[in-house]
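Below: protein-v4.pdb (PDB, C-alpha atoms)
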ATOM      1  CA  MET G   1     -22.134  53.757  -0.667
ATOM      2  CA  ALA G   2     -19.362  56.255  -1.229
ATOM      3  CA  GLY G   3     -16.575  56.226   1.290
ATOM      4  CA  LYS G   4     -17.122  52.626   2.385
ATOM      5  CA  LYS G   5     -14.220  50.209   2.248
ATOM      6  CA  PHE G   6     -15.159  46.949   0.587
ATOM      7  CA  PRO G   7     -13.237  43.660   0.348
ATOM      8  CA  GLU G   8     -10.350  43.507  -2.096
ATOM      9  CA  THR G   9      -9.884  39.717  -2.259
ATOM     10  CA  LEU G  10     -12.119  36.656  -2.268
ATOM     11  CA  ILE G  11     -11.170  35.689   1.291
ATOM     12  CA  ASP G  12     -11.980  39.235   2.436
ATOM     13  CA  ALA G  13     -15.349  39.008   0.677
ATOM     14  CA  ILE G  14     -16.184  35.696   2.363
ATOM     15  CA  ARG G  15     -15.389  37.177   5.764
ATOM     16  CA  TYR G  16     -17.153  40.474   5.063
ATOM     17  CA  PHE G  17     -20.368  38.828   3.867
ATOM     18  CA  SER G  18     -20.417  36.015   6.438
ATOM     19  CA  ASP G  19     -23.048  37.941   8.442
ATOM     20  CA  GLU G  20     -26.489  37.927   6.797
ATOM     21  CA  ALA G  21     -27.327  41.286   8.383
ATOM     22  CA  VAL G  22     -24.269  42.848   6.722
ATOM     23  CA  CYS G  23     -25.367  41.360   3.382
ATOM     24  CA  ARG G  24     -28.865  42.827   3.717
ATOM     25  CA  GLU G  25     -27.450  46.228   4.638
ATOM     26  CA  PHE G  26     -25.096  46.107   1.653
ATOM     27  CA  MET G  27     -27.909  45.238  -0.769
ATOM     28  CA  ALA G  28     -30.289  47.787   0.768
ATOM     29  CA  GLU G  29     -27.770  50.626   0.395
ATOM     30  CA  LEU G  30     -26.992  49.532  -3.166
ATOM     31  CA  ARG G  31     -30.681  49.404  -4.163
ATOM     32  CA  TRP G  32     -32.072  52.263  -2.115
ATOM     33  CA  PRO G  33     -29.371  54.803  -1.220
ATOM     34  CA  LYS G  34     -32.090  57.253  -0.069
ATOM     35  CA  GLY G  35     -34.212  54.697   1.764
ATOM     36  CA  ALA G  36     -36.301  51.634   0.905
ATOM     37  CA  VAL G  37     -38.786  51.949  -1.954
ATOM     38  CA  CYS G  38     -41.877  49.754  -2.158
ATOM     39  CA  PRO G  39     -41.635  47.597  -5.316
ATOM     40  CA  ARG G  40     -45.425  47.577  -5.657
ATOM     41  CA  CYS G  41     -46.449  51.246  -5.297
ATOM     42  CA  GLN G  42     -43.016  52.969  -5.273
ATOM     43  CA  SER G  43     -43.749  54.590  -1.914
ATOM     44  CA  THR G  44     -40.788  55.688   0.198
ATOM     45  CA  GLU G  45     -42.809  55.459   3.416
ATOM     46  CA  ASN G  46     -41.753  52.028   4.626
ATOM     47  CA  GLY G  47     -41.159  50.603   8.071
ATOM     48  CA  TYR G  48     -38.491  48.013   8.773
ATOM     49  CA  VAL G  49     -39.567  44.928  10.736
ATOM     50  CA  ALA G  50     -36.312  43.863  12.371
ATOM     51  CA  THR G  51     -37.681  40.580  13.754
ATOM     52  CA  ARG G  52     -38.517  39.397  10.228
ATOM     53  CA  SER G  53     -35.798  41.247   8.291
ATOM     54  CA  LEU G  54     -38.245  42.882   5.873
ATOM     55  CA  TRP G  55     -39.958  46.172   5.097
ATOM     56  CA  ARG G  56     -43.689  46.937   5.262
ATOM     57  CA  CYS G  57     -45.099  49.665   3.043
ATOM     58  CA  LYS G  58     -47.227  52.141   4.997
ATOM     59  CA  ALA G  59     -49.214  53.033   1.872
ATOM     60  CA  CYS G  60     -50.231  49.634   0.429
ATOM     61  CA  LYS G  61     -49.207  47.365   3.343
ATOM     62  CA  TYR G  62     -47.001  45.296   1.023
ATOM     63  CA  GLU G  63     -44.176  43.394   2.692
ATOM     64  CA  PHE G  64     -40.888  42.938   0.855
ATOM     65  CA  THR G  65     -37.297  41.972   1.426
ATOM     66  CA  VAL G  66     -34.078  43.194  -0.163
ATOM     67  CA  LYS G  67     -34.235  40.176  -2.522
ATOM     68  CA  LYS G  68     -37.524  41.240  -4.087
ATOM     69  CA  GLY G  69     -37.196  42.143  -7.767
ATOM     70  CA  THR G  70     -33.676  40.731  -8.117
ATOM     71  CA  ILE G  71     -32.105  37.481  -9.282
ATOM     72  CA  PHE G  72     -32.201  36.430  -5.600
ATOM     73  CA  GLU G  73     -36.006  36.532  -5.390
ATOM     74  CA  ASP G  74     -37.622  33.373  -3.958
ATOM     75  CA  SER G  75     -34.198  31.810  -3.452
ATOM     76  CA  PRO G  76     -33.701  29.959  -0.147
ATOM     77  CA  ILE G  77     -29.937  30.441  -0.559
ATOM     78  CA  PRO G  78     -28.751  33.138   1.879
ATOM     79  CA  LEU G  79     -27.046  36.281   0.632
ATOM     80  CA  SER G  80     -23.950  35.176   2.534
ATOM     81  CA  LYS G  81     -23.539  32.548  -0.217
ATOM     82  CA  TRP G  82     -24.924  34.547  -3.134
ATOM     83  CA  LEU G  83     -22.542  37.489  -2.741
ATOM     84  CA  PRO G  84     -19.292  35.438  -2.590
ATOM     85  CA  ALA G  85     -20.576  33.543  -5.653
ATOM     86  CA  LEU G  86     -21.035  36.880  -7.449
ATOM     87  CA  TRP G  87     -17.491  37.834  -6.459
ATOM     88  CA  MET G  88     -16.134  34.598  -7.947
ATOM     89  CA  TYR G  89     -17.951  35.014 -11.259
ATOM     90  CA  SER G  90     -16.977  38.654 -11.607
ATOM     91  CA  ALA G  91     -13.316  38.117 -10.657
ATOM     92  CA  PHE G  92     -12.256  34.719 -12.017
ATOM     93  CA  LYS G  93     -11.041  35.202 -15.586
ATOM     94  CA  LYS G  94     -11.938  31.675 -16.709
ATOM     95  CA  GLY G  95     -15.200  31.491 -14.805
ATOM     96  CA  VAL G  96     -16.365  28.883 -12.303
ATOM     97  CA  SER G  97     -18.019  25.557 -13.084
ATOM     98  CA  SER G  98     -21.267  24.658 -11.338
ATOM     99  CA  HIS G  99     -19.548  21.641  -9.772
ATOM    100  CA  GLN G 100     -16.810  23.840  -8.286
ATOM    101  CA  LEU G 101     -19.362  26.390  -7.089
ATOM    102  CA  ALA G 102     -21.390  23.606  -5.445
ATOM    103  CA  ARG G 103     -18.335  22.348  -3.565
ATOM    104  CA  SER G 104     -17.283  25.861  -2.545
ATOM    105  CA  LEU G 105     -20.698  26.921  -1.227
ATOM    106  CA  GLY G 106     -21.926  23.592   0.120
ATOM    107  CA  VAL G 107     -24.978  23.378  -2.170
ATOM    108  CA  THR G 108     -26.094  20.822  -4.756
ATOM    109  CA  GLN G 109     -24.770  20.978  -8.307
ATOM    110  CA  LYS G 110     -28.276  21.633  -9.610
ATOM    111  CA  THR G 111     -28.616  24.613  -7.260
ATOM    112  CA  ALA G 112     -25.172  25.906  -8.231
ATOM    113  CA  TRP G 113     -26.030  25.599 -11.945
ATOM    114  CA  PHE G 114     -29.205  27.633 -11.423
ATOM    115  CA  MET G 115     -27.296  30.232  -9.388
ATOM    116  CA  SER G 116     -24.615  30.558 -12.063
ATOM    117  CA  HIS G 117     -27.152  31.238 -14.813
ATOM    118  CA  ARG G 118     -28.916  33.857 -12.712
ATOM    119  CA  ILE G 119     -25.565  35.550 -12.137
ATOM    120  CA  ARG G 120     -24.904  35.495 -15.890
ATOM    121  CA  LEU G 121     -28.310  37.082 -16.426
ATOM    122  CA  ALA G 122     -27.202  39.921 -14.135
ATOM    123  CA  MET G 123     -24.067  40.377 -16.232
ATOM    124  CA  GLU G 124     -26.119  40.708 -19.416
ATOM    125  CA  ILE G 125     -25.751  44.169 -20.926
ATOM    126  CA  GLY G 126     -28.925  44.033 -23.032
ATOM    127  CA  SER G 127     -29.374  46.945 -25.420
ATOM    128  CA  PHE G 128     -26.401  49.220 -26.049
ATOM    129  CA  ASP G 129     -26.605  52.954 -25.496
ATOM    130  CA  LYS G 130     -24.335  53.867 -28.384
ATOM    131  CA  PRO G 131     -22.742  52.105 -31.355
ATOM    132  CA  LEU G 132     -19.066  51.235 -31.524
ATOM    133  CA  SER G 133     -16.967  53.818 -33.340
ATOM    134  CA  GLY G 134     -13.411  54.756 -34.254
ATOM    135  CA  GLU G 135     -11.461  51.615 -35.110
ATOM    136  CA  GLY G 136     -13.240  48.303 -34.795
ATOM    137  CA  GLU G 137     -12.541  44.642 -35.348
ATOM    138  CA  VAL G 138     -15.087  42.057 -36.460
ATOM    139  CA  ASP G 139     -14.568  38.328 -36.407
ATOM    140  CA  GLU G 140     -16.484  35.109 -35.977
ATOM    141  CA  THR G 141     -15.657  31.706 -34.561
ATOM    142  CA  PHE G 142     -17.250  28.352 -33.858
ATOM    143  CA  VAL G 143     -17.867  26.854 -30.429
ATOM    144  CA  GLY G 144     -18.698  23.243 -29.636
ATOM    145  CA  GLY G 145     -17.676  19.692 -30.343
ATOM    146  CA  LYS G 146     -17.526  18.025 -33.724
ATOM    147  CA  ALA G 147     -20.858  16.727 -34.959
ATOM    148  CA  HIS G 148     -19.747  13.116 -35.407
ATOM    149  CA  PHE G 149     -18.901  12.950 -31.689
ATOM    150  CA  GLN G 150     -22.394  14.104 -30.673
ATOM    151  CA  HIS G 151     -25.565  12.157 -30.081
ATOM    152  CA  GLU G 152     -28.056  12.237 -32.947
ATOM    153  CA  ASN G 153     -30.622  14.098 -30.800
ATOM    154  CA  LYS G 154     -28.146  16.954 -30.302
ATOM    155  CA  ARG G 155     -26.903  17.060 -33.900
ATOM    156  CA  LYS G 156     -30.355  17.735 -35.322
ATOM    157  CA  HIS G 157     -30.862  20.807 -33.108
ATOM    158  CA  ILE G 158     -27.648  22.637 -34.057
ATOM    159  CA  GLY G 159     -27.575  23.133 -37.802
ATOM    160  CA  THR G 160     -25.334  26.210 -37.746
ATOM    161  CA  GLY G 161     -22.477  24.880 -39.835
ATOM    162  CA  GLY G 162     -18.887  24.479 -38.726
ATOM    163  CA  MET G 163     -19.151  20.668 -38.440
ATOM    164  CA  GLY G 164     -21.974  20.878 -35.917
ATOM    165  CA  LYS G 165     -20.520  23.780 -33.975
ATOM    166  CA  VAL G 166     -22.345  27.005 -33.095
ATOM    167  CA  ALA G 167     -21.371  30.220 -34.910
ATOM    168  CA  VAL G 168     -20.493  33.185 -32.698
ATOM    169  CA  MET G 169     -19.714  36.726 -33.854
ATOM    170  CA  GLY G 170     -17.737  39.388 -32.025
ATOM    171  CA  LEU G 171     -17.236  43.121 -32.538
ATOM    172  CA  LEU G 172     -14.507  45.010 -30.717
ATOM    173  CA  GLU G 173     -13.880  48.734 -30.447
ATOM    174  CA  ARG G 174     -10.127  49.290 -30.186
ATOM    175  CA  HIS G 175      -9.279  50.252 -26.580
ATOM    176  CA  GLY G 176     -12.970  49.850 -25.760
ATOM    177  CA  GLU G 177     -15.618  47.207 -25.275
ATOM    178  CA  VAL G 178     -16.430  43.966 -27.022
ATOM    179  CA  ARG G 179     -19.848  42.648 -28.023
ATOM    180  CA  ALA G 180     -20.452  39.009 -28.853
ATOM    181  CA  HIS G 181     -23.411  36.728 -29.399
ATOM    182  CA  VAL G 182     -24.570  33.635 -31.228
ATOM    183  CA  ILE G 183     -25.508  34.058 -34.893
ATOM    184  CA  PRO G 184     -27.509  31.651 -37.070
ATOM    185  CA  SER G 185     -24.852  31.523 -39.807
ATOM    186  CA  ARG G 186     -21.859  33.292 -41.328
ATOM    187  CA  ARG G 187     -23.786  34.293 -44.431
ATOM    188  CA  LYS G 188     -23.359  37.793 -45.846
ATOM    189  CA  HIS G 189     -26.703  39.264 -44.786
ATOM    190  CA  THR G 190     -26.255  37.957 -41.228
ATOM    191  CA  VAL G 191     -22.763  39.267 -40.469
ATOM    192  CA  GLN G 192     -23.248  42.570 -42.286
ATOM    193  CA  ASN G 193     -26.513  43.272 -40.477
ATOM    194  CA  GLU G 194     -24.688  42.645 -37.191
ATOM    195  CA  VAL G 195     -21.992  45.148 -38.171
ATOM    196  CA  ARG G 196     -24.546  47.788 -39.197
ATOM    197  CA  ALA G 197     -26.499  47.314 -35.947
ATOM    198  CA  SER G 198     -23.438  47.724 -33.712
ATOM    199  CA  VAL G 199     -20.908  49.959 -35.516
ATOM    200  CA  ALA G 200     -21.383  53.648 -36.379
ATOM    201  CA  PRO G 201     -21.209  54.431 -40.137
ATOM    202  CA  GLY G 202     -17.874  55.849 -41.244
ATOM    203  CA  SER G 203     -15.876  53.900 -38.662
ATOM    204  CA  ALA G 204     -12.805  51.884 -39.601
ATOM    205  CA  VAL G 205     -13.693  48.183 -39.660
ATOM    206  CA  TYR G 206     -11.018  45.480 -39.827
ATOM    207  CA  SER G 207     -11.899  41.888 -40.658
ATOM    208  CA  ASP G 208     -10.373  38.715 -42.045
ATOM    209  CA  SER G 209     -10.850  37.681 -45.659
ATOM    210  CA  LEU G 210     -14.244  36.033 -45.199
ATOM    211  CA  LYS G 211     -16.268  36.886 -48.335
ATOM    212  CA  SER G 212     -19.357  37.659 -46.243
ATOM    213  CA  TYR G 213     -17.760  41.007 -45.295
ATOM    214  CA  ASP G 214     -17.481  42.139 -48.931
ATOM    215  CA  GLY G 215     -19.656  45.199 -49.497
ATOM    216  CA  LEU G 216     -19.029  47.036 -46.223
ATOM    217  CA  ALA G 217     -16.705  49.542 -47.903
ATOM    218  CA  GLY G 218     -19.619  51.707 -48.972
ATOM    219  CA  GLU G 219     -20.535  52.503 -45.352
ATOM    220  CA  TYR G 220     -17.271  51.906 -43.498
ATOM    221  CA  VAL G 221     -13.536  52.226 -43.981
ATOM    222  CA  HIS G 222     -13.273  48.471 -44.407
ATOM    223  CA  GLN G 223      -9.850  46.821 -44.615
ATOM    224  CA  VAL G 224      -9.075  43.119 -44.744
ATOM    225  CA  ILE G 225      -6.217  41.010 -43.400
ATOM    226  CA  ASP G 226      -5.772  37.653 -45.113
ATOM    227  CA  HIS G 227      -4.617  35.177 -42.460
ATOM    228  CA  ALA G 228      -3.154  32.957 -45.151
ATOM    229  CA  GLU G 229      -0.571  35.697 -45.749
ATOM    230  CA  GLY G 230      -0.155  37.175 -42.267
ATOM    231  CA  PHE G 231      -1.889  38.405 -39.148
ATOM    232  CA  VAL G 232      -0.879  42.080 -38.974
ATOM    233  CA  ARG G 233      -0.501  44.769 -41.628
ATOM    234  CA  ASP G 234       0.104  48.160 -40.027
ATOM    235  CA  ARG G 235      -3.110  48.762 -38.056
ATOM    236  CA  VAL G 236      -5.097  46.139 -39.927
ATOM    237  CA  HIS G 237      -5.595  43.053 -37.765
ATOM    238  CA  THR G 238      -8.149  41.251 -35.600
ATOM    239  CA  ASN G 239      -5.751  40.339 -32.802
ATOM    240  CA  GLY G 240      -7.862  42.059 -30.156
ATOM    241  CA  LEU G 241     -10.822  39.821 -30.905
ATOM    242  CA  GLN G 242      -8.562  36.803 -31.231
ATOM    243  CA  ASN G 243      -7.433  37.518 -27.677
ATOM    244  CA  PHE G 244     -11.054  37.611 -26.516
ATOM    245  CA  TRP G 245     -11.875  34.344 -28.330
ATOM    246  CA  SER G 246      -8.853  32.736 -26.689
ATOM    247  CA  LEU G 247     -10.056  33.734 -23.213
ATOM    248  CA  PHE G 248     -13.621  32.685 -23.987
ATOM    249  CA  LYS G 249     -12.681  29.257 -25.326
ATOM    250  CA  ARG G 250     -10.378  28.606 -22.388
ATOM    251  CA  MET G 251     -13.369  29.309 -20.160
ATOM    252  CA  ILE G 252     -15.657  27.013 -22.167
ATOM    253  CA  TYR G 253     -13.308  24.093 -22.803
ATOM    254  CA  GLY G 254     -11.092  24.406 -19.731
ATOM    255  CA  THR G 255     -13.696  25.187 -17.057
ATOM    256  CA  HIS G 256     -17.084  24.078 -18.350
ATOM    257  CA  HIS G 257     -15.966  21.503 -20.953
ATOM    258  CA  SER G 258     -19.369  21.505 -22.642
ATOM    259  CA  VAL G 259     -22.119  24.103 -23.087
ATOM    260  CA  GLU G 260     -25.563  23.580 -24.588
ATOM    261  CA  PRO G 261     -26.139  25.861 -27.637
ATOM    262  CA  GLU G 262     -29.290  27.389 -26.111
ATOM    263  CA  HIS G 263     -27.268  28.645 -23.125
ATOM    264  CA  LEU G 264     -24.193  29.832 -25.020
ATOM    265  CA  ASP G 265     -25.292  33.481 -25.148
ATOM    266  CA  ARG G 266     -25.294  33.608 -21.327
ATOM    267  CA  TYR G 267     -21.691  32.406 -21.202
ATOM    268  CA  LEU G 268     -20.849  35.091 -23.747
ATOM    269  CA  ASP G 269     -22.527  37.669 -21.466
ATOM    270  CA  GLU G 270     -20.300  36.537 -18.609
ATOM    271  CA  ALA G 271     -17.127  36.674 -20.701
ATOM    272  CA  THR G 272     -17.900  40.049 -22.291
ATOM    273  CA  TYR G 273     -18.749  41.590 -18.909
ATOM    274  CA  ARG G 274     -15.380  40.610 -17.455
ATOM    275  CA  PHE G 275     -13.532  41.663 -20.620
ATOM    276  CA  ASN G 276     -15.227  45.063 -20.769
ATOM    277  CA  THR G 277     -14.394  45.743 -17.105
ATOM    278  CA  ARG G 278     -10.847  44.392 -17.351
ATOM    279  CA  GLU G 279      -9.275  47.737 -16.396
ATOM    280  CA  THR G 280     -11.169  47.953 -13.090
ATOM    281  CA  SER G 281     -10.411  46.306  -9.754
ATOM    282  CA  ASP G 282     -12.121  43.132  -8.559
ATOM    283  CA  THR G 283     -13.984  45.197  -5.972
ATOM    284  CA  THR G 284     -15.346  47.663  -8.529
ATOM    285  CA  ARG G 285     -16.294  44.860 -10.889
ATOM    286  CA  PHE G 286     -18.099  43.025  -8.084
ATOM    287  CA  VAL G 287     -20.094  46.071  -6.970
ATOM    288  CA  SER G 288     -21.014  46.823 -10.580
ATOM    289  CA  ALA G 289     -22.144  43.220 -11.135
ATOM    290  CA  THR G 290     -24.165  43.242  -7.918
ATOM    291  CA  ALA G 291     -25.946  46.436  -8.980
ATOM    292  CA  ARG G 292     -27.044  44.603 -12.128
ATOM    293  CA  VAL G 293     -29.044  41.970 -10.222
ATOM    294  CA  ILE G 294     -31.845  44.511  -9.680
ATOM    295  CA  GLY G 295     -34.811  44.231 -12.017
ATOM    296  CA  LYS G 296     -33.747  40.878 -13.443
ATOM    297  CA  ARG G 297     -35.256  37.527 -12.676
ATOM    298  CA  ILE G 298     -35.503  34.108 -14.286
ATOM    299  CA  THR G 299     -37.158  30.976 -12.966
ATOM    300  CA  TYR G 300     -35.757  27.474 -13.260
ATOM    301  CA  ARG G 301     -38.546  26.449 -15.627
ATOM    302  CA  GLN G 302     -37.793  29.407 -17.893
ATOM    303  CA  LEU G 303     -34.125  28.497 -17.860
ATOM    304  CA  ILE G 304     -34.736  24.915 -18.998
ATOM    305  CA  GLY G 305     -37.308  26.003 -21.574
ATOM    306  CA  LYS G 306     -40.454  24.719 -19.903
ATOM    307  CA  PRO G 307     -43.704  26.665 -19.407
ATOM    308  CA  ALA G 308     -44.453  28.044 -15.967
ATOM    309  CA  TYR G 309     -47.301  25.589 -15.478
ATOM    310  CA  GLU G 310     -48.113  22.311 -17.156
TER     311      GLU G 310
END

Can the structure in the file be given as structure tokens, please?
Amino acid sequence: MAGKKFPETLIDAIRYFSDEAVCREFMAELRWPKGAVCPRCQSTENGYVATRSLWRCKACKYEFTVKKGTIFEDSPIPLSKWLPALWMYSAFKKGVSSHQLARSLGVTQKTAWFMSHRIRLAMEIGSFDKPLSGEGEVDETFVGGKAHFQHENKRKHIGTGGMGKVAVMGLLERHGEVRAHVIPSRRKHTVQNEVRASVAPGSAVYSDSLKSYDGLAGEYVHQVIDHAEGFVRDRVHTNGLQNFWSLFKRMIYGTHHSVEPEHLDRYLDEATYRFNTRETSDTTRFVSATARVIGKRITYRQLIGKPAYE
């Protein structure tokens, strides 16, 4: 796809991807730069059936479209709506609510909600290739409403402390990427295991004065900033993570207003993807996000926690 000029703004993207044939060509070149590959037998000998907009494998006779094996699979929504939606989620700093997406694309809110979670799945990083190193910040926060404002059925499923809120932990490499996900508690073994799993031994680790971090000094250059006394002491601070939490909570409370605890990790995936690609252009971020849709799929029943068949 080198040398091609792609849209630089949302309105350009809507115009560019208004033709379904252009969308299919874009996805085909992104997936198979050297020609279509059969998802069943991996054969490169495939014929394109223009009248049906699909490929037929000459080896196993399998027929497949550009959506096969992606978050778009089995979706009746055309790519001319999927790709602008991907642009919006990759470019808009505070995200997009399912209600706004539904109005923008002309689909139902239920459809837009399902689309948004599939897009967040594409933004999921999964396992990390290398641990954070150098100088790092660790911090935790709580997300959600106060327990006494919630229905009893919701209160009994949370149980993570923080007055009914969900505990979330973040780790930031200075001038690098952030990693964040839901944790069961802020207890010592939980937060320290998260640090050991994500940060290379010997790195400088800066945290607040939470007692759960005590004991890291044996493996890391651990320094603490007590927020009761100040927020910065030379290079010791967690302001980088505080900035990320500020952006994330503006997305949650300002755009989505309320998020179910079981889906919170997906919203963190969305926020961390945008934060970690903050130095790139909207076009680059969009292409990178679109490349991530390959090999990922989730059904509606999986998303709502129901078995495939009942």

Result set of the PyMOL selection byres ((chain G and resi 27) around 12) on the coordinates above, as an mmCIF file with C-alpha atoms, in the frame of the given file:
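Heads up, here's the output in result-v5.cif:
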data_model
loop_
_atom_site.group_PDB
_atom_site.id
_atom_site.type_symbol
_atom_site.label_atom_id
_atom_site.label_comp_id
_atom_site.auth_asym_id
_atom_site.auth_seq_id
_atom_site.Cartn_x
_atom_site.Cartn_y
_atom_site.Cartn_z
ATOM 1 C CA MET G 1 -22.134 53.757 -0.667
ATOM 2 C CA PHE G 17 -20.368 38.828 3.867
ATOM 3 C CA GLU G 20 -26.489 37.927 6.797
ATOM 4 C CA ALA G 21 -27.327 41.286 8.383
ATOM 5 C CA VAL G 22 -24.269 42.848 6.722
ATOM 6 C CA CYS G 23 -25.367 41.360 3.382
ATOM 7 C CA ARG G 24 -28.865 42.827 3.717
ATOM 8 C CA GLU G 25 -27.450 46.228 4.638
ATOM 9 C CA PHE G 26 -25.096 46.107 1.653
ATOM 10 C CA ALA G 28 -30.289 47.787 0.768
ATOM 11 C CA GLU G 29 -27.770 50.626 0.395
ATOM 12 C CA LEU G 30 -26.992 49.532 -3.166
ATOM 13 C CA ARG G 31 -30.681 49.404 -4.163
ATOM 14 C CA TRP G 32 -32.072 52.263 -2.115
ATOM 15 C CA PRO G 33 -29.371 54.803 -1.220
ATOM 16 C CA GLY G 35 -34.212 54.697 1.764
ATOM 17 C CA ALA G 36 -36.301 51.634 0.905
ATOM 18 C CA THR G 65 -37.297 41.972 1.426
ATOM 19 C CA VAL G 66 -34.078 43.194 -0.163
ATOM 20 C CA LYS G 67 -34.235 40.176 -2.522
ATOM 21 C CA LYS G 68 -37.524 41.240 -4.087
ATOM 22 C CA THR G 70 -33.676 40.731 -8.117
ATOM 23 C CA PHE G 72 -32.201 36.430 -5.600
ATOM 24 C CA LEU G 79 -27.046 36.281 0.632
ATOM 25 C CA SER G 80 -23.950 35.176 2.534
ATOM 26 C CA TRP G 82 -24.924 34.547 -3.134
ATOM 27 C CA LEU G 83 -22.542 37.489 -2.741
ATOM 28 C CA VAL G 287 -20.094 46.071 -6.970
ATOM 29 C CA THR G 290 -24.165 43.242 -7.918
ATOM 30 C CA ALA G 291 -25.946 46.436 -8.980
ATOM 31 C CA ARG G 292 -27.044 44.603 -12.128
ATOM 32 C CA VAL G 293 -29.044 41.970 -10.222
ATOM 33 C CA ILE G 294 -31.845 44.511 -9.680
#

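You will find CA of Tyr267 in chain G at 28.4 Å from CA of Ile225 in chain G.
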
Practice item. To one decimal in Å, tell me the separation between CA of Glu63 in chain G and CA of Cys38 in chain G. Key: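 Separation of CA of Glu63 in chain G and CA of Cys38 in chain G: 8.3 Å.
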
Review point. What is the distance, in Å and to one decimal place, between CA of Met115 in chain G and CA of Phe142 in chain G?
Key: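 So the answer is 26.5 Å.
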
Practice item. Run the PyMOL selection byres ((chain G and resi 210) around 10) mentally over the shown coordinates, then write out the matched residues as a ChimeraX atom specification, using the chain letters and numbers from the document. Key: /G:139-140,186-188,207-209,211-214,224-226

Practice item. List the neighbours of Gly202 in chain G out to 12 Å using all atoms listed in the file; skip same-chain residues closer than 2 positions along the sequence, and give me the result as a PyMOL selection string. Key: chain G and resi 131-136+195-196+199-200+204-205+216-222

Review point. In terms of the shortest atom-to-atom distance over only C-alpha atoms, which of G:Leu101, G:Val96, G:Cys60, G:Ala122 is closest to Met251 in chain G?
Key: G:Val96

Kindly list the centre and edge lengths in Å, rounded to one decimal, for the axis-aligned box that covers all listed atoms of range 109-126 of chain G plus 8 Å on each of its six sides, as AutoDock Vina command-line options.
--center_x -26.6 --center_y 32.6 --center_z -15.1 --size_x 21.1 --size_y 39.2 --size_z 31.8

Contacts of range 232-243 of chain G at 6 Å (only C-alpha atoms; same-chain gap of 2+ positions) as a PDB file with C-alpha atoms, keeping the file's coordinate frame:
ATOM      1  CA  GLU G 137     -12.541  44.642 -35.348  1.00  0.00           C
ATOM      2  CA  TYR G 206     -11.018  45.480 -39.827  1.00  0.00           C
ATOM      3  CA  GLY G 230      -0.155  37.175 -42.267  1.00  0.00           C
ATOM      4  CA  TRP G 245     -11.875  34.344 -28.330  1.00  0.00           C
ATOM      5  CA  SER G 246      -8.853  32.736 -26.689  1.00  0.00           C
TER       6      SER G 246
END

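Distance annotation: of G:Phe64, G:Phe248, G:Trp113, G:Phe286, the residue with the minimal separation from Glu8 in chain G is G:Phe286; atom set is all atoms listed in the file.
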
Expected residue set, 9 Å radius at (-17.0, 44.4, -28.8), all atoms listed in the file, as a PDB file with C-alpha atoms, in the coordinates of the input:
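Just written: part.pdb:
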ATOM      1  CA  LEU G 132     -19.066  51.235 -31.524  1.00  0.00           C
ATOM      2  CA  GLY G 136     -13.240  48.303 -34.795  1.00  0.00           C
ATOM      3  CA  GLU G 137     -12.541  44.642 -35.348  1.00  0.00           C
ATOM      4  CA  VAL G 138     -15.087  42.057 -36.460  1.00  0.00           C
ATOM      5  CA  GLY G 170     -17.737  39.388 -32.025  1.00  0.00           C
ATOM      6  CA  LEU G 171     -17.236  43.121 -32.538  1.00  0.00           C
ATOM      7  CA  LEU G 172     -14.507  45.010 -30.717  1.00  0.00           C
ATOM      8  CA  GLU G 173     -13.880  48.734 -30.447  1.00  0.00           C
ATOM      9  CA  ARG G 174     -10.127  49.290 -30.186  1.00  0.00           C
ATOM     10  CA  GLY G 176     -12.970  49.850 -25.760  1.00  0.00           C
ATOM     11  CA  GLU G 177     -15.618  47.207 -25.275  1.00  0.00           C
ATOM     12  CA  VAL G 178     -16.430  43.966 -27.022  1.00  0.00           C
ATOM     13  CA  ARG G 179     -19.848  42.648 -28.023  1.00  0.00           C
ATOM     14  CA  ALA G 180     -20.452  39.009 -28.853  1.00  0.00           C
ATOM     15  CA  SER G 198     -23.438  47.724 -33.712  1.00  0.00           C
ATOM     16  CA  LEU G 241     -10.822  39.821 -30.905  1.00  0.00           C
ATOM     17  CA  THR G 272     -17.900  40.049 -22.291  1.00  0.00           C
ATOM     18  CA  ASN G 276     -15.227  45.063 -20.769  1.00  0.00           C
TER      19      ASN G 276
END

Review point. With all atoms listed in the file as the basis for distance, which of G:Ser97, G:Ser90, G:Ser116, G:Ser18 is at the shortest distance from Ser288 in chain G?
Key: G:Ser90
